[in-house]
Each structure stands twice: as C-alpha cells, then as structure tokens.
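For reference, the structure is listed below as structure tokens.
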Amino acid sequence: MLPYWINSTLAATPGLLWMFVGVGLPWALLLLPRADRRQAALVAALTLATGPALLTAWMFVLGSVPNAALLRTEWILGGSAALALAGWGLVWRVFGGQFSVFRQARPALWLKTLVFDEKLIMALIVVALAIRWLNVAYWPHMAYDEMWVYGYQGRLYTLVGNIPAHIGYYPQFLPLQFSYLQIVSMGGIDDHAARAVLPYLHLGSILAAYVLGARLFNRRTGFYAAAIWAFYPHVGEWSRFGDLEIPLAFLFTLAAAFFLLAWRAPNRRYALLAGFVLGIALWTKPTAGAFVWGVLLLLAADLLRVRLSWRAWLPRFGVAFWTGLACIPLGGVWYVRNVLLGHAPLVLPEGFWLTQAARSGSEFGWLLLAGAALLLYLAPHERQALFGYLRRTIPGVALVLLAVLPSLLFPRRMLLLEYAALAAGAALLWWALRPRLLAAAQREDTQKSGWLLLLALPYFVTWFYSYSYHYRLSFAIVPLLIMPTALVLARWLTPERWLGAGRRGLTLALLALAFWGIVNPLYDRHAGWMWDYAMPTDFLRYESGNWALMRIVFALQEFKRVFGLPLNVAAPGVQRLPFFFPLDVIDIEDVPTRLEDLRGRNHYVYSFEGERMYRGVHPLVNEVAGARALNYVMISSSTLADNDFLYELYYLDLDARYRAPAALTPGCTPDAEVLFGGFALFYGCAVETQTLRPDAPVPITLYWHSIARADADYMIAVHLVDAEGSVREVYDGPVARADDRYYYSTLFWAPAEYVQDRRTLSISNPDTAAGAGYRLVIAMYRLSDGARVPVTIDGAAAGDSYTLEVSFVVER
C-alpha cells in the first residue's frame with residue numbers, strides 16, 4: 001500500500017495529462033513553425049507552458065464572474081474540452097488528418113546521434129528529476145511565500161469556487177494550477193495533489209535552457225546549459241517549493257529563446273511566440289517585465305550598431321513590436337483587473353527587504369565563472385604565446401579580483417571603488433581578448449552571447465541592487481547567465497575528448513560536479529535527510545519547518561473544535577496564518593493600535609513579522625501592544641518562538657475592562673473616594689498574604705477606575721514604608737509592562753475602565769528590618785518630569801499620595 005502522499009500525487013496525474021497533452025500539445029504544435037514541430041524538446045517546452053496558460057486563463061474567466069462559484073470540475077473541464085477539441089481539430093486540418101508530425105519525429109534515431117557525455121547528462125537529469133518528483137510528493141506547502149500567497153490562494157479558490165475580489169498581489173499562473181489539481185483530482189484541499197505540477201514546470205525550465213543553447217548555438221551548448229541549470233544546487237534545493245522562481249525561469253528562458261531566434265534573422269512568427277510566452281511569464285510574476293527593458297536595451301544597442309540608420313534598424317524594431325503586442329492579452333489582464341477592483345496594479349516588496357540586498361561580489365558568480373572558463377579556453381599552449389597572453393590579461397584579472405574578493409570572502413556590500421575596479425578590469429579584459437573574440441571563428445558566438453547578456457542585464461541590475469537578499473530571486477536569468485560558460489564547455493570538451501584517454505577523468509568530474517545538485521533535495525535544513533524523517537502526517541511536516549507558527553495553528557484549531565465558533569483573528573503581518581484557515585477571518589493587513597480596533601475579534605496575534613508593520617507607530621500610540629500585559633483583557637494563550645519567528649497568541653475579552661473587580665482584600669478598599677489627578681479613582685487592592693519575606697515575593701493587584709482621559713503618561717509609585725514613615729522598598733513603574741518597549745500607559749485608560757495594576761512585593765533592602773506596621777504608599781508622577789499629581793479624598797485636597805489601610809509584617 002502506497003503512502004497517502006504518493007497516492008495524492010498520483011491522483012493528480014490524469015489532470016496533468018489533460019492539461020499538458022489534451023490542451024497544451026495541439027496548440028503548441030499549431031503555434032510553432034512547421035520546421036520546428038519535429039523538435040521534441042522545443043515542442044515539449046512549449047507544451048508545458050501553453051497547457052497551463054490556456055487552462056488558467058479559462059479558470060480566470062470562470063473565477064471572475066461576480067456572485068458565482070464556477071471554479072468547479074464540470075465548468076473547468078467543459079471549457080478546457082472546448083479548447084482541446086478546437087486545438088486538435090485544427091491540428092487534424094493543418095496536418096491533413098494524418099498527424100504526420102508524430103511519425104516524422106523519431107526520438108530513437110535522435111538518441112543514436114548523441115555522444116557519451118550528452119547521454120550521461122540526460123541520464124543524470126532523469127535521476128535528478130526522479131528524486132525531485134519524490135521530494136515534491138513528500139512535502140506539503142512549506143516555503144514562506146507559497147503558504148502566504150500561492151498555496152493559500154489555491155486552497156481558497158478550491159473552497160469558494162471563485163477568485164474573491166479582495167485578492168490582489170501576484171497574478172494567477174501558479175495558484176490556479178494548484179486549484180485546478182485539487183478541484184478535479186481530489187474535490188477538496190490536498191497539498192500533494194496541488195504540488196504535483198511542480199516537477200513538470202521544473203522539467204520545462206531544463207528544456208528551456210536546452211532549447212536556448214541548442215537553437216542559438218548548437219546542441220552541445222544546449223546540453224551543457226541544461227546540465228549546469230539542472231545540477232545547480234540551489235535549483236535542486238528550491239525545486240520542491242511551490243514558489244514562482246523556477247516557473248518564472250522556465251518562461252523567461254523560453255521567451256528569450258524565441259525572441260533571440262527572431263532577433264537573429266527577423267521573423268514575425270518567432271517574435272509572436274516570444275510575446276506569447278512573455279505574456280505567460282507576466283501572468284506568473286511582474287518581475288518578468290524586466291524582459292521588456294532588456295528588449296529596449298537591445299534595440300538601443302542595435303540602433304548604435306547600424307549608426308542610427310532607421311531603415312536598417314526597422315526589422316529588429318518590428319521584432320520587438322510584435323513581441324510586445326503578443327504579450328499584452330495574457331500578460332496584462334491581471335494588472336488591469338487589479339486596477340478595476342481598486343487594487344494596486346502590482347505590489348512591490350516592502351522597503352525593509354530592499355535594505356537587505358547583499359550587493360556583494362558573490363552576486364557576480366556566474367559572470368566570474370564564464371570569464372574564468374573563457375580565459376582558460378583561449379589560453380594558448382605555446383610557452384612564448386602564453387607569456388604574452390598572461391601579460392595582457394593579468395592586469396584585468398587582478399582588478400576584477402580586487403573588486404570582488406573582499407566582499408566575497410567577508411560578506412558585505414561592495415564599495416564605490418570596488419565597482420570602479422570591476423568596470424576597469426572588465427574593460428581591460430575585453431581589450432585584451434577582443435582580437436580573439438571578434439575573429440571570424442568566434443565573432444558570431446561573441447555577438448550572440450552579448451545579446452543574451454544585454455537581455456538579462458536589466459533584470460540582473462534590479463536583482464543585484466534591490467533583491468539580492470536571496471539567491472532564488474535571480475533564477476529567472478540564471479539560464480541566460482550560464483550560457484557563455486556552457487558555450488565554452490561545449491567548444492572545449494569536444495566529443496573527441498570524451499572518446500579519448502581522458503574519458504574516465506571527465507566522467508568522474510561530471511559525476512562529482514552533478515552529485516550534490518542531484519541529492520541535495522533529499523536534505524531539509526530542519527528535518528535532516530529524507531531517510532531520517534519520521535513524520536507520518538502533514539501537520540508534523542508543517543511543524544518541522546514552522547514550529548512556532550504551528551503551535552499557534554494548533555491552539556486556534558482547538559478553539560474551533562471546543563467552542564464551535566468561527567475564527568476572527570487580527571494577526572498583523574502573520575502572512576502564513578490564513579493558509580490554515582482560508583474560510584475564517586484572519587486579518588493580516590490591518591494594523592490595530594487601539595483596543596477598540598479589535599472589537600469583534602476573538603484573537604490577536606503579536607509577532608516579529610507584525611512588529612515591522614508597526615514601525616513608525618510610537619509606543620504611546622500603540623495601545624494594543626501595551627495592553628498585551630493586561631492578561632484579563634488579552635488572555636495569553638501561547639508565546640512561542642523558534643529560530644526564525646516569535647508569536648504571541650491572545651484570546652480577547654475586551655469587555656473585561658469595564659467589569660468591576662470582586663475579590664478585594666479587607667482593608668484594601670478605601671471608604672472614601674480617592675481620586676488621583678482628576679482622572680483615576682483608587683478602587684482597592686488584592687493581596688494573597690500580608691507577611692513579607694526576602695525569599696518569598698508576594699503578588700499584589702492595585703485596582704484603578706478611570707473616570708476621564710489622562711493628559712500625560714504617568715507612572716505609579718508604590719513604596720513600602722515603616723511605622724515611622726521611612727521608605728524601605730520601592731516598586732515604581734507603569735501599570736503593566738508587556739516588554740522592554742511597550743506598557744499600558746495611563747494615556748490608554750478609557751473612561752469607565754477598571755485597570756488591574758499587578759506588581760510584586762519583595763524585600764531586597766537589607767535595611768528593611770523585621771517587624772510589623774509596614775504600609776504601602778501609592779502616588780502617580782508624570783514620566784517626563786517626575787511631577788506628582790494631586791490627590792483628593794471625597795473632593796478635599798489630600799496631598800500627592802495615599803496610604804493604604806492594610807498593613808504588612810516583615811519576617812527575616
């Protein structure tokens with residue numbers, strides 16, 4: 001009997017086949033030029049993009065119908081069946097009813113043309129994909145963003161049958177696929193079924209890297225590009241997460257392949273294909289828009305190449321125009337929808353994340369690798385020529401290393417002088433290598449590599465400057481950046497080298513370089529190696545990487561189970577919490593500052609994530625944060641922290657503020673009206689014992705009754721005095737301190753509120769002698785200047801303090 005997670009993943013297979021083969025394949029064949037329809041890798045890559053694009057576009061139409069729940073199996077399959085029938089009908093008509101394209105595509109014959117290293121790379125990629133499929137199947141949604149956005153939205157649409165109007169943020173290519181597989185495969189929420197699409201999108205990114213290298217340069221370049229991308233350890237690590245970066249890399253790379261095919265020899269068909277795929281990329285994530293800036297950069301460079309000759313430039317302008325035009329329908333629909341519904345057209349990361357951008361030398365890693373490979377490849381073998389080569393290249397290499405090594409070895413941001421050294425070193429290297437790179441044998445490869453780098457440059461600059469706090473955010477352009485290295489390897493490691501005496505060494509080197517990228521998906525930084533896992537349920541898997549969050553989730557689930565009530569939670573900044581309660585009210589956007597802002601809620605969650613949302617809110621304005629210490633109003637359910645996050649869960653009883661206390665200690669309740677500062681009555685106190693010892697602190701609660709708003713922030717002075725009136729112990733401070741920053745200031749006290757002032761009486765002064773007759777004196781003083789407020793008793797002035805009737809005994 002197979003584990004439940006395998007069964008759920010396999011249950012999604014029919015839905016995947018329908019999306020890719022039923023819907024995607026016919027339209028991919030129709031979109032491609034006739035000569036390309038027998039290229040299996042190209043057809044497969046476009047199929048893996050087209051099927052989800054058409055299906056999610058149809059689901060978007062269904063989900064956007066007001067006041068309807070049309071995201072249901074019959075509607076989804078009905079519309080997609082129409083798309084499939086239309087596609088296959090056109091294929092039948094175009095191919096004369098014989099589907100000759102399939103008979104002419106002979107993969108067995110193609111495989112026979114491969115040389116040893118190409119076959120080895122293919123085999124290793126198959127092994128890597130099998131491991132990644134197993135890893136994706138095992139884990140539920142775990143990454144921060146997939147729980148916050150994509151997985152949550154997929155769950156929500158599955159349950160409600162539409163795309164609610166309040167949903168904004170990123171577009172819907174991935175979330176709607178998650179919904180599709182849950183709806184048609186399981187009829188309800190199932191992370192493993194939803195995530196079953198991820199290995200196929202990952203395969204698409206590998207095929208796209210191959211297509212870009214093979215069609216722009218040659219087949220061997222395609223193989224090496226696919227290998228570097230597939231065995232890149234970070235890609236292996238990230239392959240199991242339902243995030244946008246690998247799908248975006250797939251679509252960005254495939255769009256680049258079609259665009260550069262059109263650019264090489266201006267071709268409208270390829271330009272339209274590039275625009276179509278770019279539209280899918282924009283339907284995935286708005287950062288794909290950097291592709292447009294890359295196109296504009298290429299246009300500017302080409303205009304300079306033709307020396308401002310508009311007529312010579314016009315064909316390539318046409319390529320850019322048709323690409324831009326074709327990307328608009330699918331690429332723009334989500335952003336238009338957001339504007340129509342009053343949302344921002346797109347949402348950029350908050351400013352905090354921009355401050356985390358690394359901007360160090362390590363971010364130039366792929367370019368440095370390409371430069372090193374090129375220098376080694378071009379180095380002559382003759383001693384005399386080699387000396388001259390080194391003399392020309394060493395100054396540039398030295399400047400580049402001087403620029404990047406300091407921040408690479410000791411992580412920090414690069415300095416202005418280091419940028420200057422990098423630019424100077426790159427210029428010197430170009431000047432030194434220019435004769436070789438522009439020679440007839442290398443000129444075309446150099447030109448195409450320049451196109452690739454110019455196309456990637458705007459994305460790279462944006463990522464480097466603003467988003468280099470995480471490597472995954474560079475994935476979209478990594479296949480483009482690795483292409484020069486793949487080209488050098490393909491030129492250098494010729495088939496003859498693999499057939500010669502060095503074959504064994506090259507094989508071992510390839511296996512060694514690929515090994516970690518293949519096996520590292522089996523390792524999780526929280527749970528260890530897959531064979532060490534002992535997590536029979538998804539809850540335990542969620543918990544392995546999100547321990548503190550899952551304790552909060554468990555407490556809320558228990559509240560629902562015990563009381564049978566829906567949740568209404570204020571959880572500012574706790575972006576992953578709605579994932580577990582998609583149909584409950586979990587407000588992560590609102591930033592409540594006053595307790596009345598929480599009226600109607602039954603829980604509040606304080607967190608480090610939410611604290612960022614309070615940045616700029618003064619502690620004396622943030623009543624909610626200070627009230628966390630009022631454990632009769634905000635009743636602490638859990639305070640939990642792991643290595644990354646801290647959460648405090650509170651059950652809310654806002655009306656408790658207005659209930660008069662019942663259990664007061666005799667002698668603690670004044671017989672007269674004792675009023676402090678014209679705004680707070682002393683109501684009484686409760687103390688467990690009136691015997692004080694140095695080793696036994698005694699809790700005491702002072703009760704205040706607010707009758708008006710305070711005009712300033714006042715502290716409470718509580719002094720233990722002896723029979724002669726000398727102060728022996730001091731217990732001053734605010735009414736209730738939540739943490740080092742927040743307390744429940746007198747500025748927050750509402751008229752008619754009863755405030756519980758909880759303190760601890762302890763004996764720490766060695767001069768406090770044993771004996772009876774000790775009393776407590778209380779007062780209020782302004783924090784800003786220490787001035788005490790006047791006290792009145794039944795309206796008559798009574799100085800600036802009040803002495804409680806209850807007395808204490810000190811024992812030593």
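We label chains A, B, ... in the order they appear in the structure tokens, count residues from 1 in each chain, and number ligands from 1 in the order shown.
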Near range 75-81 of chain A, counting only C-alpha atoms, which residues have an atom at most 8 Å away, once you skip same-chain residues fewer than 3 positions from it, shown as an mmCIF file with N, CA, C and O atoms, in the first residue's frame?
data_model
loop_
_atom_site.group_PDB
_atom_site.id
_atom_site.type_symbol
_atom_site.label_atom_id
_atom_site.label_comp_id
_atom_site.auth_asym_id
_atom_site.auth_seq_id
_atom_site.Cartn_x
_atom_site.Cartn_y
_atom_site.Cartn_z
ATOM 1 N N VAL A 23 -4.785 19.746 -23.691
ATOM 2 C CA VAL A 23 -4.972 21.173 -24.003
ATOM 3 C C VAL A 23 -3.713 21.792 -24.604
ATOM 4 O O VAL A 23 -3.774 22.515 -25.602
ATOM 5 N N LEU A 55 -5.352 26.860 -19.718
ATOM 6 C CA LEU A 55 -6.266 26.380 -18.697
ATOM 7 C C LEU A 55 -6.475 27.425 -17.606
ATOM 8 O O LEU A 55 -7.611 27.677 -17.175
ATOM 9 N N TRP A 58 -8.676 30.272 -18.782
ATOM 10 C CA TRP A 58 -10.098 29.908 -18.724
ATOM 11 C C TRP A 58 -10.594 29.930 -17.274
ATOM 12 O O TRP A 58 -11.694 30.430 -16.993
ATOM 13 N N MET A 59 -9.790 29.432 -16.355
ATOM 14 C CA MET A 59 -10.188 29.455 -14.948
ATOM 15 C C MET A 59 -10.296 30.882 -14.429
ATOM 16 O O MET A 59 -11.147 31.176 -13.574
ATOM 17 N N LEU A 62 -13.675 32.063 -15.434
ATOM 18 C CA LEU A 62 -14.693 31.471 -14.557
ATOM 19 C C LEU A 62 -14.666 32.101 -13.168
ATOM 20 O O LEU A 62 -15.717 32.414 -12.589
ATOM 21 N N LEU A 70 -17.988 29.216 -10.074
ATOM 22 C CA LEU A 70 -17.858 28.430 -11.300
ATOM 23 C C LEU A 70 -16.559 27.644 -11.389
ATOM 24 O O LEU A 70 -16.359 26.912 -12.362
ATOM 25 N N LEU A 71 -15.681 27.826 -10.412
ATOM 26 C CA LEU A 71 -14.455 27.025 -10.416
ATOM 27 C C LEU A 71 -14.782 25.647 -9.853
ATOM 28 O O LEU A 71 -14.440 25.296 -8.723
ATOM 29 N N ARG A 72 -15.469 24.893 -10.659
ATOM 30 C CA ARG A 72 -15.882 23.547 -10.325
ATOM 31 C C ARG A 72 -15.537 22.621 -11.489
ATOM 32 O O ARG A 72 -15.384 23.063 -12.624
ATOM 33 N N ALA A 84 -9.429 22.012 -26.127
ATOM 34 C CA ALA A 84 -8.741 20.828 -26.646
ATOM 35 C C ALA A 84 -9.316 20.409 -27.986
ATOM 36 O O ALA A 84 -8.571 20.109 -28.933
ATOM 37 N N LEU A 85 -10.657 20.378 -28.090
ATOM 38 C CA LEU A 85 -11.283 19.959 -29.354
ATOM 39 C C LEU A 85 -10.932 20.919 -30.479
ATOM 40 O O LEU A 85 -10.644 20.500 -31.603
ATOM 41 N N TYR A 180 -6.783 23.958 -9.733
ATOM 42 C CA TYR A 180 -7.239 23.001 -10.744
ATOM 43 C C TYR A 180 -6.990 21.569 -10.302
ATOM 44 O O TYR A 180 -7.899 20.717 -10.343
#
Just want the 12 Å neighbourhood of range 535-540 of chain A, counted on only C-alpha atoms, with same-chain residues fewer than 5 positions away dropped. Output as a ChimeraX atom specification. /A:3-5,137-142,190-192,526-528,530,545-547,549-551,553-554,557,580
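The neighbours of Glu648 in chain A here are the residues that come within 6 Å of it, using only C-alpha atoms and leaving out any residue fewer than 4 positions away in the same chain; they are Val605, Tyr606, Ser638 and Thr639 of chain A.
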Report, in Å with one decimal, the straight-line distance from CA of Gly564 in chain A to CA of Ser544 in chain A. 28.0 Å
Which residues are near Thr13 in chain A? Cut-off 9 Å, only C-alpha atoms, ignore same chain within fewer than 6 positions. Put them as a ChimeraX atom specification. /A:181,185,193,196-197
Generate the output file for the selected residues, N, CA and C atoms, as a short mmCIF file (atom, residue, chain, number, x, y, z; two decimals), in the first residue's frame.
data_model
loop_
_atom_site.label_atom_id
_atom_site.label_comp_id
_atom_site.auth_asym_id
_atom_site.auth_seq_id
_atom_site.Cartn_x
_atom_site.Cartn_y
_atom_site.Cartn_z
N LEU A 181 -5.79 21.27 -9.85
CA LEU A 181 -5.45 19.90 -9.49
C LEU A 181 -6.19 19.44 -8.23
N SER A 185 -8.93 16.61 -9.14
CA SER A 185 -8.32 15.35 -8.71
C SER A 185 -8.85 14.87 -7.37
N ALA A 193 -1.62 16.84 -4.09
CA ALA A 193 -2.21 16.90 -5.43
C ALA A 193 -1.91 18.25 -6.08
N ALA A 196 1.66 18.59 -7.44
CA ALA A 196 2.10 17.61 -8.43
C ALA A 196 2.56 18.26 -9.73
N VAL A 197 2.17 19.51 -9.98
CA VAL A 197 2.57 20.18 -11.21
C VAL A 197 4.01 20.67 -11.16
#
